[in-house]
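Engineer: Pasting a structure here, questions to come.
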Amino acid sequence: MTDLAVRRFDADDRVVMERLYLMFRHDLSEFQGQLPKADGSYRSDWLESALTGDPEWAGYIFHSGEHPIGYCLMRALQQPVRVLNSFFIVRPVRRGGLGLRAVQEVLAHHPGPCEVAFQDNNATAVHFWRRVATAMSGDAWTEEHRPIKGRPDAPPDTWISFTV
């Protein structure tokens with residue numbers, strides 16, 4: 001699978017986006033220790049913001065042929081620094097270069113300063129986001145640990161900052 005289509009999603013994509021988002025939150029639960037709610041779902045306020053057209057949010061869906069293979073949420077679009085809020089690629093196409101291609105295409109729509117957060121215990125994310133930062137801005141990127149607001153007991157997130 002080498003073909004890749006990246007496009008903004010909208011409310012018509014709700015069902016497939018809810019399914020992709022559930023897979024994303026499940027994957028993250030390994031590193032964040034969060035259990036699903038009683039109905040089997042996870043919090044989805046970020047996705048709702050993108051689906052309902054909040055001007056601070058943009059969502060992109062990735063396809064390989066007819067298959068949805070991932071998505072990206074960008075936030076803080078009207079702020080000086082945009083935030084790559086969440087990014088997901090389904091397991092069968094990971095480590096084949098599609099993730100890097102997809103995120104580069106998304107970021108091309110949002111030039112300027114950008115940040116992304118991830119957990120240090122997610123070794124795959126650590127490697128991937130450092131690779132993205134280098135691909136987007138060479139060695140002109142920074143990395144720092146920041147506490148998670150409202151979760152003093154949780155380990156800090158790692159934030160990478162770069163310019164697109």
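Chain labels run A, B, ... following the order of the structure tokens; each chain numbers its residues from 1, and ligands are numbered from 1 in the order shown.
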Which neighbours of Ile160 of chain A fall inside 7 Å, counting only C-alpha atoms, when residues of the same chain fewer than 4 positions from it are skipped, and could you give them as a ChimeraX atom specification?

Structural biologist: /A:115-117,141-144

Engineer: Could you take the residues named above and write them with N, CA, C and O atoms, as a tab-separated table (two decimals), in the first residue's frame?

Structural biologist:
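out_16.tsv written:
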chain	number	residue	atom	x	y	z
A	115	GLU	N	3.74	22.63	17.45
A	115	GLU	CA	4.16	21.77	18.56
A	115	GLU	C	3.38	20.47	18.53
A	115	GLU	O	2.26	20.43	18.03
A	116	VAL	N	3.98	19.43	19.10
A	116	VAL	CA	3.32	18.15	19.26
A	116	VAL	C	3.77	17.55	20.59
A	116	VAL	O	4.93	17.68	20.97
A	117	ALA	N	2.84	16.92	21.29
A	117	ALA	CA	3.15	16.30	22.58
A	117	ALA	C	2.99	14.78	22.47
A	117	ALA	O	2.16	14.29	21.70
A	141	TRP	N	14.82	22.36	15.87
A	141	TRP	CA	13.65	22.03	16.67
A	141	TRP	C	14.10	21.80	18.11
A	141	TRP	O	15.28	21.56	18.37
A	142	THR	N	13.17	21.92	19.03
A	142	THR	CA	13.48	21.73	20.45
A	142	THR	C	12.56	20.69	21.06
A	142	THR	O	11.48	20.39	20.52
A	143	GLU	N	12.99	20.17	22.18
A	143	GLU	CA	12.22	19.16	22.91
A	143	GLU	C	12.29	19.50	24.39
A	143	GLU	O	13.36	19.82	24.91
A	144	GLU	N	11.13	19.44	25.06
A	144	GLU	CA	11.09	19.72	26.49
A	144	GLU	C	9.96	18.94	27.15
A	144	GLU	O	9.01	18.53	26.49

Engineer: Using only C-alpha atoms, which protein or nucleic acid residues come within 8 Å of Asp10 of chain A? Drop anything in the same chain fewer than 6 positions from it, and give the result as a list in words.

Structural biologist: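 Once the nearby chain positions are removed, what remains is Ala50, Leu51, Thr52, Gly53 and Gly59 of chain A.
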
Engineer: List the spatial neighbours of Leu4 of chain A as a list in words - criterion: any atom at most 10 Å away, only C-alpha atoms, same-chain residues fewer than 6 positions off excluded.

Structural biologist: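 Skipping anything fewer than 6 positions along the chain leaves Phe62, His63, Ser64, Gly65, His67, Pro68, Ile69, Leu98, Gly99, Arg101 and Ala102 of chain A.
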
Engineer: List every residue of chain A that DSSP, applied to the backbone, labels as strand (DSSP E), and write the result as a PyMOL selection string.

Structural biologist: chain A and resi 5-8+57-64+67-75+82-89+113-118+142-146+157-163

Engineer: Grab the residues selected above and save them as a JSON list (two decimals), in the first residue's frame with C-alpha atoms.

Structural biologist:
[["chain", "number", "residue", "atom", "x", "y", "z"],
["A", 5, "ALA", "CA", -4.91, 10.51, -0.04],
["A", 6, "VAL", "CA", -5.16, 13.20, 2.65],
["A", 7, "ARG", "CA", -8.20, 15.44, 2.92],
["A", 8, "ARG", "CA", -10.05, 17.56, 5.47],
["A", 57, "TRP", "CA", -9.61, 22.91, 14.92],
["A", 58, "ALA", "CA", -9.01, 21.06, 11.65],
["A", 59, "GLY", "CA", -9.23, 17.34, 11.04],
["A", 60, "TYR", "CA", -7.73, 15.31, 8.22],
["A", 61, "ILE", "CA", -8.49, 11.75, 7.21],
["A", 62, "PHE", "CA", -6.03, 9.51, 5.37],
["A", 63, "HIS", "CA", -6.99, 6.87, 2.83],
["A", 64, "SER", "CA", -5.11, 4.22, 0.92],
["A", 67, "HIS", "CA", -9.45, 2.14, 3.05],
["A", 68, "PRO", "CA", -9.36, 4.75, 5.81],
["A", 69, "ILE", "CA", -5.92, 4.35, 7.37],
["A", 70, "GLY", "CA", -5.62, 7.22, 9.82],
["A", 71, "TYR", "CA", -6.23, 10.81, 10.74],
["A", 72, "CYS", "CA", -4.73, 13.95, 12.22],
["A", 73, "LEU", "CA", -6.23, 16.71, 14.37],
["A", 74, "MET", "CA", -4.69, 20.17, 14.41],
["A", 75, "ARG", "CA", -5.70, 22.77, 16.99],
["A", 82, "ARG", "CA", -0.38, 25.54, 16.12],
["A", 83, "VAL", "CA", -0.61, 22.18, 17.90],
["A", 84, "LEU", "CA", -0.63, 18.82, 16.20],
["A", 85, "ASN", "CA", -3.13, 17.46, 18.68],
["A", 86, "SER", "CA", -3.51, 13.83, 17.68],
["A", 87, "PHE", "CA", -2.26, 11.57, 14.94],
["A", 88, "PHE", "CA", -3.11, 7.97, 14.17],
["A", 89, "ILE", "CA", -2.20, 5.39, 11.53],
["A", 113, "PRO", "CA", 5.43, 27.41, 14.46],
["A", 114, "CYS", "CA", 4.02, 24.05, 15.51],
["A", 115, "GLU", "CA", 4.16, 21.77, 18.56],
["A", 116, "VAL", "CA", 3.32, 18.15, 19.26],
["A", 117, "ALA", "CA", 3.15, 16.30, 22.58],
["A", 118, "PHE", "CA", 3.69, 12.61, 23.32],
["A", 142, "THR", "CA", 13.48, 21.73, 20.45],
["A", 143, "GLU", "CA", 12.22, 19.16, 22.91],
["A", 144, "GLU", "CA", 11.09, 19.72, 26.49],
["A", 145, "HIS", "CA", 9.04, 18.11, 29.25],
["A", 146, "ARG", "CA", 5.91, 19.89, 30.46],
["A", 157, "ASP", "CA", 4.44, 15.04, 28.35],
["A", 158, "THR", "CA", 7.32, 15.54, 25.98],
["A", 159, "TRP", "CA", 6.76, 18.47, 23.61],
["A", 160, "ILE", "CA", 8.62, 19.00, 20.37],
["A", 161, "SER", "CA", 8.52, 22.47, 18.83],
["A", 162, "PHE", "CA", 9.48, 23.21, 15.21],
["A", 163, "THR", "CA", 8.60, 25.52, 12.36]]
